[in-house]
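> entry.pdb is reproduced in full below (PDB, C-alpha atoms).
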ATOM      1  CA  ALA A   1      -0.925 -36.678 -14.904
ATOM      2  CA  ILE A   2      -0.540 -33.587 -17.036
ATOM      3  CA  PRO A   3       3.124 -32.746 -17.612
ATOM      4  CA  PRO A   4       4.344 -29.309 -16.518
ATOM      5  CA  THR A   5       4.922 -26.527 -19.017
ATOM      6  CA  HIS A   6       8.159 -24.563 -19.292
ATOM      7  CA  GLU A   7       8.632 -21.027 -20.560
ATOM      8  CA  PRO A   8      11.238 -18.274 -20.309
ATOM      9  CA  VAL A   9      10.600 -15.444 -17.830
ATOM     10  CA  SER A  10      11.088 -11.818 -18.833
ATOM     11  CA  PHE A  11      12.435  -9.249 -16.355
ATOM     12  CA  ALA A  12      12.823  -5.561 -17.197
ATOM     13  CA  ASP A  13      15.350  -3.075 -15.923
ATOM     14  CA  ARG A  14      13.698  -0.964 -13.223
ATOM     15  CA  THR A  15      14.360   1.977 -10.924
ATOM     16  CA  PHE A  16      13.239   1.890  -7.272
ATOM     17  CA  ALA A  17      12.519   5.239  -5.599
ATOM     18  CA  GLY A  18      11.559   6.018  -2.017
ATOM     19  CA  GLN A  19      13.208   3.143  -0.150
ATOM     20  CA  CYS A  20      16.676   4.720   0.119
ATOM     21  CA  SER A  21      17.780   8.365   0.261
ATOM     22  CA  PHE A  22      18.713   7.819  -3.411
ATOM     23  CA  ASP A  23      17.131   5.966  -6.322
ATOM     24  CA  VAL A  24      18.359   2.431  -7.027
ATOM     25  CA  HIS A  25      18.416   1.125 -10.582
ATOM     26  CA  ARG A  26      18.219  -2.595 -11.319
ATOM     27  CA  GLU A  27      19.830  -3.667 -14.584
ATOM     28  CA  VAL A  28      19.339  -7.250 -15.715
ATOM     29  CA  LEU A  29      22.768  -8.632 -16.662
ATOM     30  CA  VAL A  30      21.922 -12.294 -17.373
ATOM     31  CA  ASN A  31      18.458 -13.806 -17.574
ATOM     32  CA  ARG A  32      18.114 -17.498 -18.281
ATOM     33  CA  SER A  33      15.123 -17.873 -15.966
ATOM     34  CA  ILE A  34      12.651 -20.652 -16.704
ATOM     35  CA  LEU A  35       9.123 -20.804 -15.311
ATOM     36  CA  THR A  36       7.757 -24.309 -14.790
ATOM     37  CA  ILE A  37       3.984 -24.430 -14.316
ATOM     38  CA  PHE A  38       2.603 -27.602 -12.750
ATOM     39  CA  SER A  39      -0.899 -28.978 -13.299
ATOM     40  CA  ASN A  40      -1.878 -27.971  -9.725
ATOM     41  CA  GLY A  41      -1.038 -24.331 -10.550
ATOM     42  CA  GLU A  42       2.219 -24.133  -8.599
ATOM     43  CA  ARG A  43       4.952 -22.179 -10.378
ATOM     44  CA  LEU A  44       8.682 -22.811 -10.015
ATOM     45  CA  THR A  45      11.216 -20.285 -11.297
ATOM     46  CA  THR A  46      14.767 -21.589 -11.805
ATOM     47  CA  GLY A  47      17.767 -20.737 -13.949
ATOM     48  CA  THR A  48      20.495 -18.138 -13.987
ATOM     49  CA  PHE A  49      19.503 -14.568 -13.108
ATOM     50  CA  LYS A  50      22.108 -11.870 -12.450
ATOM     51  CA  GLU A  51      21.420  -8.212 -11.862
ATOM     52  CA  ARG A  52      23.291  -4.980 -11.104
ATOM     53  CA  LEU A  53      21.947  -2.620  -8.441
ATOM     54  CA  THR A  54      23.210   0.952  -8.831
ATOM     55  CA  ASN A  55      22.975   4.029  -6.617
ATOM     56  CA  LEU A  56      21.895   6.599  -9.225
ATOM     57  CA  SER A  57      23.359   9.473  -7.160
ATOM     58  CA  THR A  58      26.917   8.117  -6.885
ATOM     59  CA  GLY A  59      27.204   5.372  -9.514
ATOM     60  CA  GLU A  60      28.163   2.875  -6.792
ATOM     61  CA  PHE A  61      26.907  -0.601  -7.727
ATOM     62  CA  ILE A  62      26.789  -4.226  -6.646
ATOM     63  CA  ASP A  63      26.183  -7.293  -8.788
ATOM     64  CA  VAL A  64      23.793  -9.909  -7.434
ATOM     65  CA  ASN A  65      23.461 -13.522  -8.552
ATOM     66  CA  ALA A  66      19.787 -14.040  -7.694
ATOM     67  CA  SER A  67      19.187 -17.362  -9.397
ATOM     68  CA  GLY A  68      16.579 -18.726  -7.017
ATOM     69  CA  PRO A  69      14.717 -20.988  -6.987
ATOM     70  CA  ILE A  70      11.298 -19.469  -6.245
ATOM     71  CA  LEU A  71       8.190 -21.588  -5.708
ATOM     72  CA  ALA A  72       4.855 -19.729  -5.963
ATOM     73  CA  VAL A  73       1.448 -21.067  -4.992
ATOM     74  CA  PHE A  74      -1.593 -19.063  -6.108
ATOM     75  CA  HIS A  75      -4.787 -18.969  -4.071
ATOM     76  CA  GLU A  76      -8.394 -18.719  -5.282
ATOM     77  CA  ASP A  77      -8.627 -15.020  -4.343
ATOM     78  CA  GLY A  78      -5.616 -14.196  -6.560
ATOM     79  CA  SER A  79      -3.166 -13.843  -3.661
ATOM     80  CA  SER A  80      -0.021 -15.974  -3.567
ATOM     81  CA  SER A  81       2.546 -17.522  -1.251
ATOM     82  CA  GLU A  82       6.176 -17.668  -2.365
ATOM     83  CA  GLN A  83       9.099 -19.621  -1.010
ATOM     84  CA  LEU A  84      12.471 -18.166  -2.018
ATOM     85  CA  ARG A  85      15.789 -19.922  -1.576
ATOM     86  CA  GLY A  86      19.336 -18.950  -2.376
ATOM     87  CA  ARG A  87      20.403 -15.352  -2.890
ATOM     88  CA  GLN A  88      17.558 -13.000  -3.807
ATOM     89  CA  PHE A  89      16.840  -9.285  -4.251
ATOM     90  CA  VAL A  90      13.655  -8.856  -2.202
ATOM     91  CA  ARG A  91      11.525  -5.721  -1.953
ATOM     92  CA  PRO A  92       9.162  -5.822   1.038
ATOM     93  CA  PRO A  93       7.328  -2.525   1.656
ATOM     94  CA  GLY A  94       9.812   0.301   2.283
ATOM     95  CA  GLU A  95      12.914  -1.899   1.950
ATOM     96  CA  LEU A  96      15.409  -3.193  -0.592
ATOM     97  CA  LEU A  97      17.128  -6.341   0.666
ATOM     98  CA  ILE A  98      19.505  -9.046  -0.474
ATOM     99  CA  THR A  99      18.660 -12.277   1.301
ATOM    100  CA  THR A 100      20.125 -15.756   1.493
ATOM    101  CA  GLY A 101      18.441 -18.826   2.886
ATOM    102  CA  LYS A 102      14.725 -19.547   3.030
ATOM    103  CA  VAL A 103      12.322 -16.600   2.745
ATOM    104  CA  LEU A 104       8.522 -16.738   2.732
ATOM    105  CA  LEU A 105       6.497 -13.998   1.043
ATOM    106  CA  GLU A 106       2.754 -13.500   0.955
ATOM    107  CA  ARG A 107       1.308 -11.313  -1.810
ATOM    108  CA  ASP A 108      -2.148  -9.782  -2.080
ATOM    109  CA  PRO A 109      -4.178 -10.234  -5.296
ATOM    110  CA  ALA A 110      -2.509  -7.097  -6.754
ATOM    111  CA  GLY A 111       0.953  -8.660  -6.263
ATOM    112  CA  ASN A 112       2.002  -6.456  -3.327
ATOM    113  CA  ILE A 113       4.063  -8.079  -0.573
ATOM    114  CA  VAL A 114       1.978  -8.147   2.612
ATOM    115  CA  SER A 115       4.160 -10.513   4.662
ATOM    116  CA  PHE A 116       7.927 -11.165   4.688
ATOM    117  CA  THR A 117       9.468 -13.889   6.869
ATOM    118  CA  GLN A 118      13.092 -15.001   6.765
ATOM    119  CA  LEU A 119      13.647 -18.504   8.155
ATOM    120  CA  GLY A 120      17.441 -18.582   8.031
ATOM    121  CA  GLY A 121      20.381 -17.227   6.139
ATOM    122  CA  THR A 122      21.314 -13.553   6.007
ATOM    123  CA  THR A 123      19.792 -10.194   5.136
ATOM    124  CA  GLN A 124      21.668  -7.189   3.760
ATOM    125  CA  ASP A 125      20.161  -3.715   3.368
ATOM    126  CA  VAL A 126      20.782  -2.551  -0.219
ATOM    127  CA  CYS A 127      20.588   1.105   0.867
ATOM    128  CA  GLU A 128      23.482   0.560   3.300
ATOM    129  CA  LEU A 129      25.485  -1.441   0.755
ATOM    130  CA  LEU A 130      25.194   1.313  -1.875
ATOM    131  CA  ALA A 131      25.480   4.363   0.431
TER     132      ALA A 131
END
Go ahead and express the file in the form of structure tokens.


Amino acid sequence: AIPPTHEPVSFADRTFAGQCSFDVHREVLVNRSILTIFSNGERLTTGTFKERLTNLSTGEFIDVNASGPILAVFHEDGSSSEQLRGRQFVRPPGELLITTGKVLLERDPAGNIVSFTQLGGTTQDVCELLA
């Protein structure tokens, strides 16, 4: 068997517009994320990841420990299926959410979320939390 490879994952600060009545800025506070790539193509992201989500109109913010893990399986057409566990900042179309528990995402070949299913845990609306 071919051993898996391991590499750090880079995440950039980013601003999200259009989901809330205000823009939300994500600042990466701690990123010790590691991507493990298995010989079958599956990708597992683990490690410490903490971010700050800020309402750019008011300065109100929340800190999120979104350390995963995330398991991604890529399909021949370039689409993917992801299984998220733990606390995550998830961005299905038109929403900004903080989830806990098991979440399944399907992405099209361009990386857009086309399906979001939560199989337990909790969901919080970031727009409501930062309003």

> Select, counting only C-alpha atoms, all protein, DNA and RNA residues no farther than 7 Å from (20.3, -12.0, 1.8) in file coordinates, and express the selection as a ChimeraX atom specification.

/A:87-88,97-100,121-124

> I need the output of the PyMOL selection byres ((chain A and resi 91) around 10) for this file as an MDAnalysis selection string; which residues are they?

chainID A and resid 16 19 88:90 92:98 112:113 116 126

> Determine, counting all atoms listed in the file, which protein, DNA and RNA residues have an atom within 12 Å of an atom of A:Ala1; residues of the same chain fewer than 5 positions away are not included. Present the result as a list in words.

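Listing them by chain and then by number gives Phe38, Ser39 and Asn40 of chain A.
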
> I'd like to know which of A:Glu42, A:Asp108, A:Glu60, A:Asp23 is closest to A:Gln83, using only C-alpha atoms.

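Under the stated criterion, the closest residue is A:Glu42.
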
> Please measure the separation of atom CA of A:Glu82 and atom CA of A:Leu105, giving the value in Å to one decimal.

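A separation of 5.0 Å between them.
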
> Return as a PyMOL selection string the set of residues that the PyMOL selection byres ((chain A and resi 25) around 7) yields on the displayed structure.

chain A and resi 14-16+23-24+26-27+53-56

> In Å, rounded to a single decimal, give me how far atom CA of A:Pro109 is from atom CA of A:Val64.

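Value for the atom CA of A:Val64-atom CA of A:Pro109 distance: 28.1 Å.
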
> Using Å and a single decimal, report how far atom CA of A:Gly47 sits from atom CA of A:Thr117.

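For atom CA of A:Thr117 relative to atom CA of A:Gly47, the distance reads 23.4 Å.
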
> Rebuild stretch 47-61 of chain A so that it carries N, CA and C atoms, then output the result as a PDB file, in the coordinates of the input.


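The resulting selection_24.pdb:
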ATOM      1  N   GLY A  47      16.888 -21.213 -12.882  1.00  0.00           N
ATOM      2  CA  GLY A  47      17.767 -20.737 -13.949  1.00  0.00           C
ATOM      3  C   GLY A  47      18.612 -19.568 -13.491  1.00  0.00           C
ATOM      4  N   THR A  48      19.556 -19.202 -14.319  1.00  0.00           N
ATOM      5  CA  THR A  48      20.495 -18.138 -13.987  1.00  0.00           C
ATOM      6  C   THR A  48      19.856 -16.769 -14.131  1.00  0.00           C
ATOM      7  N   PHE A  49      19.978 -15.943 -13.072  1.00  0.00           N
ATOM      8  CA  PHE A  49      19.503 -14.568 -13.108  1.00  0.00           C
ATOM      9  C   PHE A  49      20.510 -13.707 -12.353  1.00  0.00           C
ATOM     10  N   LYS A  50      21.134 -12.782 -13.056  1.00  0.00           N
ATOM     11  CA  LYS A  50      22.108 -11.870 -12.450  1.00  0.00           C
ATOM     12  C   LYS A  50      21.689 -10.448 -12.750  1.00  0.00           C
ATOM     13  N   GLU A  51      21.843  -9.593 -11.728  1.00  0.00           N
ATOM     14  CA  GLU A  51      21.420  -8.212 -11.862  1.00  0.00           C
ATOM     15  C   GLU A  51      22.435  -7.278 -11.225  1.00  0.00           C
ATOM     16  N   ARG A  52      22.430  -6.024 -11.676  1.00  0.00           N
ATOM     17  CA  ARG A  52      23.291  -4.980 -11.104  1.00  0.00           C
ATOM     18  C   ARG A  52      22.383  -3.954 -10.443  1.00  0.00           C
ATOM     19  N   LEU A  53      22.677  -3.639  -9.183  1.00  0.00           N
ATOM     20  CA  LEU A  53      21.947  -2.620  -8.441  1.00  0.00           C
ATOM     21  C   LEU A  53      22.857  -1.407  -8.300  1.00  0.00           C
ATOM     22  N   THR A  54      22.380  -0.252  -8.770  1.00  0.00           N
ATOM     23  CA  THR A  54      23.210   0.952  -8.831  1.00  0.00           C
ATOM     24  C   THR A  54      22.560   2.108  -8.087  1.00  0.00           C
ATOM     25  N   ASN A  55      23.362   2.777  -7.258  1.00  0.00           N
ATOM     26  CA  ASN A  55      22.975   4.029  -6.617  1.00  0.00           C
ATOM     27  C   ASN A  55      23.051   5.096  -7.702  1.00  0.00           C
ATOM     28  N   LEU A  56      21.909   5.646  -8.117  1.00  0.00           N
ATOM     29  CA  LEU A  56      21.895   6.599  -9.225  1.00  0.00           C
ATOM     30  C   LEU A  56      22.497   7.944  -8.863  1.00  0.00           C
ATOM     31  N   SER A  57      22.723   8.215  -7.567  1.00  0.00           N
ATOM     32  CA  SER A  57      23.359   9.473  -7.160  1.00  0.00           C
ATOM     33  C   SER A  57      24.876   9.407  -7.256  1.00  0.00           C
ATOM     34  N   THR A  58      25.449   8.232  -6.941  1.00  0.00           N
ATOM     35  CA  THR A  58      26.917   8.117  -6.885  1.00  0.00           C
ATOM     36  C   THR A  58      27.508   7.211  -7.957  1.00  0.00           C
ATOM     37  N   GLY A  59      26.699   6.353  -8.563  1.00  0.00           N
ATOM     38  CA  GLY A  59      27.204   5.372  -9.514  1.00  0.00           C
ATOM     39  C   GLY A  59      27.720   4.105  -8.863  1.00  0.00           C
ATOM     40  N   GLU A  60      27.742   4.078  -7.525  1.00  0.00           N
ATOM     41  CA  GLU A  60      28.163   2.875  -6.792  1.00  0.00           C
ATOM     42  C   GLU A  60      27.214   1.730  -7.142  1.00  0.00           C
ATOM     43  N   PHE A  61      27.770   0.514  -7.363  1.00  0.00           N
ATOM     44  CA  PHE A  61      26.907  -0.601  -7.727  1.00  0.00           C
ATOM     45  C   PHE A  61      27.385  -1.900  -7.103  1.00  0.00           C
TER      46      PHE A  61
END
